[in-house]
file entry_18.txt (compact mmCIF, C-alpha atoms)
# COMPACT_ATOMS: atom_id res chain seq x y z
CA MET A 16 0.00 0.00 0.00
CA GLN A 17 2.77 2.34 0.92
CA TYR A 18 4.50 1.48 -2.34
CA ILE A 19 1.37 2.39 -4.27
CA GLU A 20 1.32 5.73 -2.52
CA THR A 21 4.89 6.42 -3.57
CA ILE A 22 4.35 5.70 -7.26
CA LEU A 23 0.85 7.17 -7.54
CA PRO A 24 1.99 10.77 -8.13
CA SER A 25 4.10 9.80 -11.15
CA LEU A 26 1.26 7.69 -12.52
CA LEU A 27 -1.23 10.51 -12.07
CA ALA A 28 1.13 12.89 -13.87
CA GLY A 29 1.12 10.28 -16.68
CA VAL A 30 -2.68 10.17 -16.64
CA LEU A 31 -2.79 13.92 -17.20
CA VAL A 32 -0.61 13.57 -20.29
CA THR A 33 -2.77 10.68 -21.55
CA LEU A 34 -5.91 12.75 -21.01
CA LYS A 35 -4.33 15.71 -22.77
CA VAL A 36 -3.49 13.66 -25.86
CA PHE A 37 -6.98 12.13 -25.73
CA ALA A 38 -8.90 15.39 -25.35
CA LEU A 39 -6.90 17.39 -27.90
CA THR A 40 -7.20 14.57 -30.43
CA ILE A 41 -11.00 14.47 -30.02
CA ILE A 42 -11.24 18.26 -30.26
CA GLY A 43 -9.19 18.27 -33.46
CA ALA A 44 -10.41 15.08 -35.11
CA LEU A 45 -14.18 15.42 -34.65
CA PRO A 46 -14.72 18.63 -36.66
CA LEU A 47 -12.16 17.50 -39.22
CA GLY A 48 -13.94 14.15 -39.47
CA ILE A 49 -17.34 15.82 -40.01
CA LEU A 50 -15.91 18.00 -42.78
CA ALA A 51 -14.13 15.08 -44.43
CA GLY A 52 -17.29 12.97 -44.05
CA LEU A 53 -19.24 15.64 -45.92
CA GLY A 54 -16.45 15.87 -48.49
CA LEU A 55 -16.55 12.12 -49.10
CA LYS A 56 -19.99 12.58 -50.65
CA SER A 57 -19.10 15.79 -52.44
CA GLU A 58 -20.20 16.31 -56.03
CA PHE A 59 -16.63 17.13 -56.95
CA LYS A 60 -14.80 14.04 -58.08
CA LEU A 61 -11.41 15.50 -57.19
CA VAL A 62 -12.47 16.16 -53.59
CA ARG A 63 -13.85 12.63 -53.23
CA TRP A 64 -10.77 11.16 -54.84
CA PHE A 65 -8.43 13.07 -52.55
CA LEU A 66 -10.39 12.25 -49.38
CA ASN A 67 -10.72 8.58 -50.27
CA GLY A 68 -6.95 8.48 -50.71
CA TYR A 69 -6.48 10.15 -47.34
CA VAL A 70 -8.81 7.71 -45.57
CA TRP A 71 -7.17 4.76 -47.28
CA LEU A 72 -3.70 5.93 -46.25
CA MET A 73 -4.63 6.64 -42.65
CA ARG A 74 -6.65 3.49 -42.10
CA GLY A 75 -4.38 1.29 -44.17
CA THR A 76 -1.15 1.90 -42.28
CA PRO A 77 -0.43 1.44 -38.57
CA LEU A 78 -0.89 4.45 -36.34
CA LEU A 79 2.45 3.54 -34.78
CA LEU A 80 4.15 3.91 -38.16
CA GLN A 81 2.45 7.27 -38.71
CA LEU A 82 3.62 8.45 -35.31
CA ILE A 83 7.21 7.39 -35.92
CA PHE A 84 7.10 8.84 -39.44
CA VAL A 85 5.99 12.25 -38.17
CA PHE A 86 8.39 12.49 -35.25
CA TYR A 87 11.51 10.66 -36.50
CA GLY A 88 10.94 10.67 -40.26
CA LEU A 89 9.88 14.19 -41.14
CA PRO A 90 12.93 15.86 -39.50
CA LEU A 91 15.00 14.14 -42.22
CA ILE A 92 13.34 16.52 -44.67
CA HIS A 93 13.61 19.38 -42.18
CA ILE A 94 10.07 19.32 -40.85
CA THR A 95 10.34 19.10 -37.09
CA PHE A 96 7.68 18.94 -34.41
CA ASP A 97 8.08 18.82 -30.69
CA ARG A 98 6.88 15.57 -29.17
CA LEU A 99 3.35 16.53 -28.22
CA ASP A 100 2.72 18.34 -31.51
CA ALA A 101 3.96 15.32 -33.46
CA ALA A 102 1.69 13.04 -31.48
CA LEU A 103 -1.33 15.29 -31.97
CA PHE A 104 -0.60 15.74 -35.67
CA ALA A 105 -0.52 11.98 -36.24
CA PHE A 106 -3.43 11.17 -33.94
CA ILE A 107 -5.74 13.87 -35.26
CA LEU A 108 -5.10 12.95 -38.91
CA ASN A 109 -5.53 9.26 -38.14
CA TYR A 110 -8.68 9.56 -36.06
CA ALA A 111 -10.26 12.12 -38.38
CA ALA A 112 -10.05 9.48 -41.14
CA TYR A 113 -11.99 6.96 -39.05
CA PHE A 114 -14.47 9.63 -38.01
CA ALA A 115 -14.86 10.71 -41.65
CA GLU A 116 -15.95 7.22 -42.70
CA ILE A 117 -18.39 7.04 -39.79
CA PHE A 118 -19.86 10.46 -40.60
CA ARG A 119 -20.11 9.62 -44.30
CA GLY A 120 -22.28 6.65 -43.35
CA GLY A 121 -24.24 8.85 -40.96
CA PHE A 122 -24.95 11.43 -43.65
CA GLN A 123 -25.92 8.72 -46.13
CA ALA A 124 -28.47 7.31 -43.71
CA ILE A 125 -30.49 10.55 -43.82
CA PRO A 126 -33.37 10.14 -46.31
CA THR A 127 -33.37 12.53 -49.30
CA GLY A 128 -36.88 13.54 -48.24
CA GLN A 129 -35.36 15.51 -45.37
CA TYR A 130 -33.29 17.60 -47.79
CA GLU A 131 -36.27 18.04 -50.11
CA ALA A 132 -38.56 19.14 -47.29
CA ALA A 133 -35.94 21.68 -46.21
CA LYS A 134 -35.51 22.87 -49.78
CA VAL A 135 -39.20 23.56 -50.39
CA LEU A 136 -39.25 25.44 -47.08
CA ARG A 137 -36.44 27.55 -48.58
CA LEU A 138 -33.99 26.81 -45.81
CA SER A 139 -30.42 27.45 -46.91
CA PRO A 140 -28.03 24.50 -47.21
CA TRP A 141 -26.25 25.66 -44.04
CA GLN A 142 -29.53 26.02 -42.09
CA THR A 143 -30.56 22.58 -43.34
CA GLN A 144 -27.34 21.01 -42.13
CA ARG A 145 -27.31 22.75 -38.79
CA LYS A 146 -30.93 22.36 -37.76
CA ILE A 147 -32.02 19.17 -39.50
CA ILE A 148 -29.27 16.99 -40.89
CA LEU A 149 -26.42 17.23 -38.38
CA PRO A 150 -28.55 16.62 -35.26
CA GLN A 151 -29.84 13.42 -36.87
CA VAL A 152 -26.37 12.39 -38.04
CA VAL A 153 -24.96 12.92 -34.55
CA LYS A 154 -27.59 10.63 -33.09
CA ASN A 155 -26.80 7.97 -35.70
CA VAL A 156 -23.05 8.06 -35.18
CA ILE A 157 -22.79 8.11 -31.40
CA PRO A 158 -22.36 4.32 -31.05
CA PRO A 159 -19.60 3.91 -33.71
CA ILE A 160 -17.87 7.14 -32.64
CA GLY A 161 -18.01 5.83 -29.08
CA ASN A 162 -16.08 2.73 -30.12
CA GLU A 163 -13.36 4.86 -31.63
CA VAL A 164 -13.23 7.10 -28.57
CA ILE A 165 -12.64 4.08 -26.34
CA ASN A 166 -9.96 2.89 -28.77
CA LEU A 167 -8.32 6.28 -28.60
CA ILE A 168 -7.87 6.07 -24.83
CA LYS A 169 -5.85 2.91 -25.32
CA ASP A 170 -4.13 4.03 -28.55
CA SER A 171 -2.88 7.13 -26.77
CA SER A 172 -0.33 4.84 -25.09
CA LEU A 173 1.47 4.67 -28.46
CA VAL A 174 2.93 8.10 -27.77
CA TYR A 175 5.33 6.15 -25.56
CA VAL A 176 7.50 5.44 -28.61
CA ILE A 177 8.27 9.08 -29.22
CA GLY A 178 9.20 9.63 -25.60
CA ILE A 179 6.10 11.30 -24.25
CA GLY A 180 5.61 10.68 -20.53
CA ASP A 181 2.10 9.27 -20.60
CA LEU A 182 0.51 6.83 -18.16
CA LEU A 183 2.07 3.72 -19.72
CA ARG A 184 5.53 5.23 -19.75
CA ALA A 185 5.20 6.33 -16.11
CA GLY A 186 4.22 2.80 -15.10
CA ASN A 187 6.98 1.23 -17.15
CA ILE A 188 9.64 3.42 -15.53
CA ASP A 189 8.41 2.53 -12.05
CA ALA A 190 8.26 -1.20 -12.87
CA ALA A 191 11.75 -1.25 -14.34
CA ARG A 192 13.24 0.70 -11.44
CA ASP A 193 11.56 -1.24 -8.65
CA VAL A 194 11.38 -4.64 -10.36
CA THR A 195 7.73 -5.23 -9.57
CA LEU A 196 4.45 -5.94 -11.39
CA VAL A 197 2.45 -3.54 -9.26
CA PRO A 198 2.84 -0.45 -11.50
CA TYR A 199 1.66 -2.41 -14.57
CA ILE A 200 -1.40 -3.62 -12.69
CA LEU A 201 -2.12 -0.08 -11.50
CA VAL A 202 -1.73 1.24 -15.02
CA GLY A 203 -4.19 -1.40 -16.22
CA ILE A 204 -6.67 -0.44 -13.52
CA ILE A 205 -6.38 3.25 -14.38
CA TYR A 206 -7.04 2.51 -18.09
CA LEU A 207 -10.06 0.46 -17.07
CA LEU A 208 -11.35 3.34 -14.97
CA LEU A 209 -10.85 5.79 -17.83
CA THR A 210 -12.70 3.58 -20.30
CA ALA A 211 -15.46 2.88 -17.76
CA VAL A 212 -16.06 6.59 -17.17
CA THR A 213 -16.06 7.23 -20.92
CA THR A 214 -18.49 4.36 -21.52
CA VAL A 215 -20.89 5.77 -18.94
CA GLY A 216 -20.60 9.21 -20.54
CA LEU A 217 -21.35 7.77 -23.98
CA ARG A 218 -24.37 5.87 -22.66
CA ARG A 219 -25.69 9.10 -21.18
CA LEU A 220 -25.21 10.86 -24.50
CA GLU A 221 -27.05 8.07 -26.31
CA LYS A 222 -29.88 8.28 -23.79
CA TYR A 223 -30.06 12.04 -24.19
CA TYR A 224 -30.55 11.63 -27.94
CA ASN A 225 -33.37 9.15 -27.36
CA TYR A 226 -35.81 12.01 -26.96
CA TYR A 227 -36.88 11.30 -30.52
CA ARG A 228 -36.87 8.31 -32.80
CA MET B 25 -53.44 32.17 -60.66
CA ILE B 26 -50.81 29.69 -61.71
CA GLU B 27 -50.35 28.80 -65.35
CA LEU B 28 -48.24 26.05 -66.83
CA LYS B 29 -47.41 26.57 -70.48
CA ASN B 30 -46.03 23.93 -72.81
CA ILE B 31 -44.23 22.04 -70.07
CA LYS B 32 -42.03 19.29 -71.48
CA LYS B 33 -39.82 16.87 -69.70
CA SER B 34 -38.14 13.66 -70.72
CA PHE B 35 -35.92 11.18 -68.95
CA ASN B 36 -33.18 9.54 -71.02
CA GLY B 37 -34.95 10.48 -74.23
CA ARG B 38 -38.29 9.07 -73.04
CA PRO B 39 -40.89 11.85 -72.87
CA ILE B 40 -42.68 11.98 -69.51
CA LEU B 41 -44.48 15.29 -69.74
CA ASN B 42 -45.49 16.19 -73.26
CA ASP B 43 -46.66 19.73 -73.69
CA ILE B 44 -48.63 20.23 -70.49
CA ASN B 45 -50.89 23.31 -70.41
CA LEU B 46 -52.75 23.99 -67.24
CA THR B 47 -54.35 26.85 -65.30
CA ILE B 48 -55.16 26.90 -61.59
CA ASN B 49 -57.32 29.78 -60.40
CA ASP B 50 -57.05 31.21 -56.92
CA GLY B 51 -59.01 29.24 -54.35
CA GLU B 52 -59.50 26.23 -56.59
CA ILE B 53 -58.62 22.63 -55.98
CA LEU B 54 -56.96 21.06 -58.97
CA ALA B 55 -56.54 17.30 -58.99
CA ILE B 56 -53.85 15.79 -61.15
CA VAL B 57 -54.66 12.15 -61.83
CA GLY B 58 -53.26 9.45 -64.04
CA PRO B 59 -51.67 6.01 -63.92
CA SER B 60 -48.41 5.31 -62.12
CA GLY B 61 -45.38 6.47 -64.04
CA ALA B 62 -47.41 8.93 -66.11
CA GLY B 63 -45.51 11.88 -64.69
CA LYS B 64 -47.87 13.23 -62.01
CA THR B 65 -45.13 13.40 -59.44
CA THR B 66 -42.64 14.71 -61.99
CA LEU B 67 -45.03 17.59 -62.63
CA LEU B 68 -45.43 18.27 -58.92
CA ARG B 69 -41.68 18.16 -58.36
CA ALA B 70 -41.15 20.63 -61.20
CA LEU B 71 -43.70 22.97 -59.60
CA ALA B 72 -42.02 22.59 -56.20
CA GLY B 73 -38.57 23.32 -57.62
CA LEU B 74 -37.30 19.83 -56.84
CA GLY B 75 -36.91 18.83 -60.47
CA ASP B 76 -36.34 20.82 -63.63
CA ILE B 77 -38.25 20.87 -66.86
CA ASP B 78 -36.81 20.70 -70.35
CA SER B 79 -38.95 23.52 -71.71
CA GLY B 80 -42.04 25.53 -70.96
CA GLU B 81 -43.02 28.24 -68.55
CA ILE B 82 -44.56 28.51 -65.12
CA LEU B 83 -46.43 31.76 -64.45
CA LEU B 84 -47.79 33.30 -61.28
CA ASP B 85 -50.45 35.91 -62.04
CA GLY B 86 -48.98 36.26 -65.51
CA GLN B 87 -45.40 36.68 -64.30
CA PRO B 88 -42.90 33.89 -64.93
CA PHE B 89 -41.22 32.49 -61.84
CA ASP B 90 -38.60 29.88 -61.21
CA PRO B 91 -39.55 27.42 -58.48
CA ARG B 92 -35.91 26.32 -58.27
CA SER B 93 -34.64 29.74 -57.32
CA SER B 94 -34.13 30.31 -53.62
CA ASP B 95 -35.24 33.93 -53.96
CA LEU B 96 -38.12 34.58 -51.58
CA LYS B 97 -40.26 36.13 -54.27
CA ASN B 98 -40.45 32.62 -55.69
CA ASN B 99 -41.94 31.33 -52.45
CA VAL B 100 -45.10 30.28 -54.23
CA ILE B 101 -45.73 26.61 -53.67
CA GLY B 102 -45.86 24.70 -50.41
CA VAL B 103 -45.55 20.94 -50.57
CA VAL B 104 -47.10 18.18 -48.48
CA PHE B 105 -45.05 15.10 -49.24
CA GLN B 106 -46.42 11.61 -49.55
CA ASP B 107 -44.66 10.44 -46.38
CA TYR B 108 -44.71 13.96 -44.95
CA ASN B 109 -40.95 14.22 -44.43
CA LEU B 110 -41.36 15.81 -41.04
CA PHE B 111 -38.10 16.52 -39.23
CA PRO B 112 -37.92 13.76 -36.59
CA ASN B 113 -35.52 15.69 -34.34
CA LEU B 114 -37.88 18.65 -34.00
CA THR B 115 -41.17 19.02 -32.14
CA VAL B 116 -44.41 19.87 -33.91
CA TRP B 117 -43.93 23.54 -33.05
CA GLU B 118 -40.31 23.52 -34.22
CA ASN B 119 -41.20 21.70 -37.44
CA VAL B 120 -43.80 24.32 -38.26
CA THR B 121 -41.93 27.44 -37.11
CA LEU B 122 -38.37 26.65 -38.23
CA ALA B 123 -38.68 28.06 -41.74
CA PRO B 124 -40.89 31.07 -40.83
CA LYS B 125 -38.31 31.96 -38.19
CA MET B 126 -35.16 31.37 -40.21
CA VAL B 127 -36.35 32.22 -43.72
CA LEU B 128 -39.19 34.71 -43.24
CA LYS B 129 -37.44 36.14 -40.12
CA MET B 130 -40.65 36.17 -38.07
CA ALA B 131 -40.16 37.27 -34.48
CA ALA B 132 -41.45 35.19 -31.57
CA ALA B 133 -44.57 37.33 -31.11
CA GLU B 134 -45.39 37.10 -34.80
CA LEU B 135 -44.96 33.34 -34.73
CA GLU B 136 -47.50 33.18 -31.90
CA THR B 137 -50.08 35.26 -33.74
CA LYS B 138 -49.56 33.74 -37.18
CA ILE B 139 -48.72 30.09 -36.53
CA LYS B 140 -50.89 29.27 -33.51
CA PRO B 141 -54.11 29.81 -35.51
CA ILE B 142 -52.84 27.50 -38.26
CA LEU B 143 -52.20 24.76 -35.71
CA ALA B 144 -55.61 25.32 -34.13
CA GLN B 145 -57.30 25.17 -37.50
CA LEU B 146 -55.64 21.83 -38.18
CA GLN B 147 -56.66 20.49 -34.78
CA LEU B 148 -53.09 20.50 -33.57
CA ALA B 149 -53.59 22.85 -30.64
CA GLY B 150 -51.81 21.53 -27.58
CA LYS B 151 -49.63 19.18 -29.65
CA ASP B 152 -46.77 21.69 -29.92
CA ALA B 153 -44.31 19.77 -27.79
CA LEU B 154 -44.80 16.33 -29.36
CA TYR B 155 -42.23 14.76 -31.66
CA PRO B 156 -43.28 13.23 -34.99
CA PHE B 157 -42.79 9.68 -33.71
CA GLU B 158 -45.52 10.36 -31.15
CA LEU B 159 -48.10 11.28 -33.81
CA SER B 160 -50.58 9.18 -35.79
CA GLY B 161 -50.40 9.20 -39.59
CA GLY B 162 -53.28 11.64 -39.89
CA MET B 163 -51.69 13.99 -37.37
CA LYS B 164 -48.36 13.84 -39.16
CA GLN B 165 -50.11 14.84 -42.34
CA ARG B 166 -51.76 17.79 -40.61
CA VAL B 167 -48.39 18.89 -39.23
CA ALA B 168 -46.97 18.67 -42.75
CA ILE B 169 -49.85 20.83 -44.00
CA ALA B 170 -49.33 23.31 -41.15
CA ARG B 171 -45.60 23.44 -41.90
CA ALA B 172 -46.28 24.22 -45.56
CA LEU B 173 -49.00 26.80 -44.76
CA ALA B 174 -46.76 28.54 -42.23
CA MET B 175 -44.57 29.69 -45.11
CA GLN B 176 -47.58 31.51 -46.56
CA PRO B 177 -47.41 29.95 -50.02
CA LYS B 178 -49.79 30.94 -52.81
CA VAL B 179 -50.53 27.30 -53.52
CA LEU B 180 -50.42 24.14 -51.46
CA ALA B 181 -49.49 20.99 -53.37
CA TYR B 182 -50.00 17.43 -52.11
CA ASP B 183 -48.31 14.30 -53.36
CA GLU B 184 -50.70 11.36 -52.93
CA PRO B 185 -52.33 12.62 -49.72
CA THR B 186 -54.30 9.43 -49.12
CA SER B 187 -51.80 6.75 -50.04
CA ALA B 188 -49.92 6.60 -46.73
CA LEU B 189 -53.10 6.63 -44.66
CA ASP B 190 -55.63 4.08 -43.58
CA PRO B 191 -58.47 3.96 -46.18
CA SER B 192 -60.92 5.01 -43.46
CA MET B 193 -59.06 8.32 -43.25
CA ARG B 194 -59.95 9.24 -46.82
CA THR B 195 -63.09 11.18 -45.92
CA GLU B 196 -61.17 13.02 -43.25
CA VAL B 197 -58.53 14.10 -45.78
CA ALA B 198 -61.23 15.16 -48.23
CA ASN B 199 -62.94 17.28 -45.55
CA LEU B 200 -59.65 18.80 -44.50
CA LEU B 201 -58.87 19.91 -48.05
CA LEU B 202 -62.39 21.27 -48.50
CA ASP B 203 -62.08 23.21 -45.22
CA LEU B 204 -58.84 24.77 -46.45
CA LYS B 205 -60.54 25.63 -49.72
CA LYS B 206 -63.20 27.53 -47.74
CA ASP B 207 -60.37 29.58 -46.28
CA GLY B 208 -59.29 30.42 -49.79
CA VAL B 209 -56.24 28.16 -50.02
CA THR B 210 -55.41 27.20 -53.60
CA GLN B 211 -54.55 23.51 -53.74
CA ILE B 212 -53.06 21.03 -56.17
CA VAL B 213 -53.61 17.38 -55.38
CA VAL B 214 -51.60 14.72 -57.16
CA THR B 215 -53.39 11.43 -56.66
CA HIS B 216 -54.23 8.10 -58.24
CA ASP B 217 -57.41 8.10 -56.13
CA ILE B 218 -60.06 9.05 -58.70
CA GLU B 219 -62.83 9.02 -56.12
CA LEU B 220 -61.02 11.55 -53.95
CA ALA B 221 -60.40 13.68 -57.00
CA ASN B 222 -64.09 13.55 -57.98
CA ASN B 223 -65.17 14.46 -54.46
CA ILE B 224 -63.02 17.51 -53.92
CA ALA B 225 -61.65 18.91 -57.15
CA ASP B 226 -62.92 21.89 -59.10
CA LYS B 227 -60.86 20.70 -62.02
CA ILE B 228 -59.33 17.36 -62.83
CA PHE B 229 -56.31 17.14 -65.06
CA THR B 230 -55.37 13.73 -66.39
CA VAL B 231 -51.76 12.99 -67.17
CA ASN B 232 -51.61 10.17 -69.65
CA ALA B 233 -48.81 7.75 -69.88
CA ILE B 234 -47.05 8.40 -73.16
CA SER B 235 -46.39 5.20 -75.01
call {"tool": "encode", "arguments": {"input": "entry_18.txt", "output": "structure tokens"}}
result
Amino acid sequence: MQYIETILPSLLAGVLVTLKVFALTIIGALPLGILAGLGLKSEFKLVRWFLNGYVWLMRGTPLLLQLIFVFYGLPLIHITFDRLDAALFAFILNYAAYFAEIFRGGFQAIPTGQYEAAKVLRLSPWQTQRKIILPQVVKNVIPPIGNEVINLIKDSSLVYVIGIGDLLRAGNIDAARDVTLVPYILVGIIYLLLTAVTTVGLRRLEKYYNYYR
Amino acid sequence: MIELKNIKKSFNGRPILNDINLTINDGEILAIVGPSGAGKTTLLRALAGLGDIDSGEILLDGQPFDPRSSDLKNNVIGVVFQDYNLFPNLTVWENVTLAPKMVLKMAAAELETKIKPILAQLQLAGKDALYPFELSGGMKQRVAIARALAMQPKVLAYDEPTSALDPSMRTEVANLLLDLKKDGVTQIVVTHDIELANNIADKIFTVNAIS
């Protein structure tokens, strides 16, 4: 117990870094994903072609590779990021691609009748999106987005490889120094707590959107 | 008065509407009947600005207008869709007031004085806070009518108003349209229901399938 007390501060400092990567990735990737999702069903072939290529690239290669590429690879051609920026750059681009595919499906699930009704009421395309389409899309995509959000909590541990002091790294340092399993178990428990809290939050959000069917 | 002059439309070289000429006087009910695939809905969609025509003219009181233009002066035709297309995420009140608020820029007080009577007339008083999923088919249709009327169109157009409803509701729909006619609403009813057309229409226009 006393040992746990001694390592807890370093683990909690790691949790803060994990949460920071998590939150900033969500904040960056969600709007980007919505825009890319809209773009994936654009009338312009070039836009669709470009975005499909982007999604293919991001979903078709490991996030770990993307992370290493951004932090260790790009400096070779004189593009340098500090650690956190590199992590966020890779994570946001990667997650936005997953979100884009989810939102594309969400937009496609909206019947054309909704757009037509809005059109004959002379609502502008922006008003139509904001008041009618997006609220329905959001309801549709909460479950699949929720899956990705839970994945992101765990994926955030990949920042370890570019030397960011997240929760996993904090635990690993303690375990290596003190030659004990306890930090790993604690790290596992903390991840479980984080995903549990997120799951409850997502359930609440789903429930909130149940006010209509 | 709405006039259609020499309206033509074809799909992939197959003519659907062949030289349609049609006049609807203010306060009349015009029924457009004809077999499936004859182009009734195509005609309605052209009038509503949801589809274009190959040639011809649409006139309002002698002045040409373009239903496809988003300019408010072309706010002529309100549409009641076959499956209503209510917005499921909005309440009855929000469904009906969204466009008057955002497009016609009505203030809250004006919405109260202008929209509340429409809802009352359609027996929707007190239903403001319900969502579409909580409504019966007939009520959904009345909300769709209220939503279209709230935009103060010159003409209200219906696509198959009886087809999504229980057959026993037919008389109710007929009475509803006749009540609106008493209030001076000009109406176009696209239907395959000849009996309904005979019961309510001042004029019946038959679109024939072109072979």
call {"tool": "closest_atom_pairs", "arguments": {"input": "entry_18.txt", "of": "chain B", "to": "chain A", "cutoff": "8 Å", "atoms": "all atoms listed in the file", "output": "CSV"}}
result
residue,atom,partner,partner_atom,distance
B:Ala72,CA,A:Val135,CA,6.5
B:Gly73,CA,A:Val135,CA,7.3
B:Leu74,CA,A:Glu131,CA,7.0
B:Ser94,CA,A:Arg137,CA,6.2
B:Leu96,CA,A:Arg137,CA,7.8
B:Asn99,CA,A:Arg137,CA,7.7
B:Ile101,CA,A:Val135,CA,7.9
B:Gly102,CA,A:Val135,CA,6.8
B:Val103,CA,A:Val135,CA,6.9
B:Phe105,CA,A:Ala132,CA,7.9
B:Asn109,CA,A:Gly128,CA,5.6
B:Leu110,CA,A:Gln129,CA,7.4
B:Phe111,CA,A:Ile147,CA,6.6
B:Pro112,CA,A:Tyr227,CA,6.6
B:Asn113,CA,A:Tyr227,CA,6.0
B:Ala123,CA,A:Leu136,CA,6.0
B:Met126,CA,A:Leu138,CA,7.3
B:Val127,CA,A:Leu138,CA,6.3
B:Tyr155,CA,A:Tyr227,CA,6.5
B:Phe157,CA,A:Arg228,CA,6.1
B:Ala172,CA,A:Leu136,CA,7.3
B:Met175,CA,A:Leu136,CA,7.1
call {"tool": "atom_distance", "arguments": {"input": "entry_18.txt", "atom1": "atom CA of B:Val104", "atom2": "atom CA of B:Ala181"}}
result
6.1 Å
call {"tool": "closest_residue", "arguments": {"input": "entry_18.txt", "among": "A:Leu39, A:Leu217, A:Ala115, A:Ala28", "to": "A:Arg63", "atoms": "all atoms listed in the file"}}
result
A:Ala115
call {"tool": "closest_residue", "arguments": {"input": "entry_18.txt", "among": "B:Asp107, B:Glu118, B:Glu219, B:Glu81", "to": "B:Thr195", "atoms": "only C-alpha atoms"}}
result
B:Glu219
call {"tool": "atom_distance", "arguments": {"input": "entry_18.txt", "atom1": "atom CA of A:Asp100", "atom2": "atom CA of A:Leu47"}}
result
16.8 Å
call {"tool": "atom_distance", "arguments": {"input": "entry_18.txt", "atom1": "atom CA of A:Leu103", "atom2": "atom CA of A:Phe37"}}
result
9.0 Å
call {"tool": "closest_residue", "arguments": {"input": "entry_18.txt", "among": "B:Leu148, B:Ile218, B:Val100, B:Ile44", "to": "B:Val179", "atoms": "all atoms listed in the file"}}
result
B:Val100
call {"tool": "residues_around", "arguments": {"input": "entry_18.txt", "residues": "A:Phe122", "least_positions_apart": "2", "cutoff": "9 Å", "atoms": "all atoms listed in the file", "output": "list in words"}}
result
Gly52, Leu53, Lys56, Ile117, Phe118, Arg119, Gly120, Ala124, Ile125, Pro126, Ile148, Leu149, Gln151, Val152 and Asn155 of chain A
call {"tool": "residues_around", "arguments": {"input": "entry_18.txt", "residues": "A:Thr195", "least_positions_apart": "5", "cutoff": "12 Å", "atoms": "all atoms listed in the file", "output": "number ranges by chain"}}
result
A: 18-19, 22, 186-190, 200-201
call {"tool": "write_last_selection", "arguments": {"input": "entry_18.txt", "atoms": "C-alpha atoms", "output": "CSV table (one decimal), keeping the file's coordinate frame"}}
result
chain,number,residue,atom,x,y,z
A,18,TYR,CA,4.5,1.5,-2.3
A,19,ILE,CA,1.4,2.4,-4.3
A,22,ILE,CA,4.4,5.7,-7.3
A,186,GLY,CA,4.2,2.8,-15.1
A,187,ASN,CA,7.0,1.2,-17.2
A,188,ILE,CA,9.6,3.4,-15.5
A,189,ASP,CA,8.4,2.5,-12.0
A,190,ALA,CA,8.3,-1.2,-12.9
A,200,ILE,CA,-1.4,-3.6,-12.7
A,201,LEU,CA,-2.1,-0.1,-11.5
call {"tool": "closest_residue", "arguments": {"input": "entry_18.txt", "among": "A:Arg98, A:Gly88, A:Phe106, A:Gly54", "to": "A:Arg74", "atoms": "all atoms listed in the file"}}
result
A:Phe106
call {"tool": "residues_around", "arguments": {"input": "entry_18.txt", "residues": "A:Val32", "least_positions_apart": "6", "cutoff": "10 Å", "atoms": "all atoms listed in the file", "output": "compact mmCIF listing (two decimals) with C-alpha atoms, in the coordinates of the input"}}
result
# COMPACT_ATOMS: atom_id res chain seq x y z
CA LEU A 26 1.26 7.69 -12.52
CA ALA A 38 -8.90 15.39 -25.35
CA LEU A 99 3.35 16.53 -28.22
CA SER A 171 -2.88 7.13 -26.77
CA SER A 172 -0.33 4.84 -25.09
CA VAL A 174 2.93 8.10 -27.77
CA ILE A 179 6.10 11.30 -24.25
CA GLY A 180 5.61 10.68 -20.53
CA ASP A 181 2.10 9.27 -20.60
CA LEU A 182 0.51 6.83 -18.16
call {"tool": "closest_residue", "arguments": {"input": "entry_18.txt", "among": "B:Thr137, B:Asn119, B:Ser192, B:Asn42", "to": "B:Arg166", "atoms": "all atoms listed in the file"}}
result
B:Asn119
call {"tool": "residues_around", "arguments": {"input": "entry_18.txt", "residues": "B:Phe229", "least_positions_apart": "2", "cutoff": "7 Å", "atoms": "all atoms listed in the file", "output": "PyMOL selection string"}}
result
chain B and resi 55-57+227+231
call {"tool": "build_atoms", "arguments": {"input": "entry_18.txt", "residues": "stretch 85-91 of chain A", "atoms": "N, CA and C atoms", "output": "CSV table (one decimal), in the frame of the given file"}}
result
chain,number,residue,atom,x,y,z
A,85,VAL,N,6.1,10.8,-38.4
A,85,VAL,CA,6.0,12.2,-38.2
A,85,VAL,C,7.1,12.7,-37.3
A,86,PHE,N,7.4,12.0,-36.2
A,86,PHE,CA,8.4,12.5,-35.2
A,86,PHE,C,9.8,12.2,-35.6
A,87,TYR,N,10.1,11.0,-36.1
A,87,TYR,CA,11.5,10.7,-36.5
A,87,TYR,C,11.8,10.8,-38.0
A,88,GLY,N,10.7,10.7,-38.8
A,88,GLY,CA,10.9,10.7,-40.3
A,88,GLY,C,11.0,12.1,-40.8
A,89,LEU,N,10.0,12.9,-40.5
A,89,LEU,CA,9.9,14.2,-41.1
A,89,LEU,C,11.1,15.1,-40.9
A,90,PRO,N,11.7,15.0,-39.7
A,90,PRO,CA,12.9,15.9,-39.5
A,90,PRO,C,14.0,15.6,-40.6
A,91,LEU,N,14.0,14.4,-41.2
A,91,LEU,CA,15.0,14.1,-42.2
A,91,LEU,C,14.8,15.1,-43.4
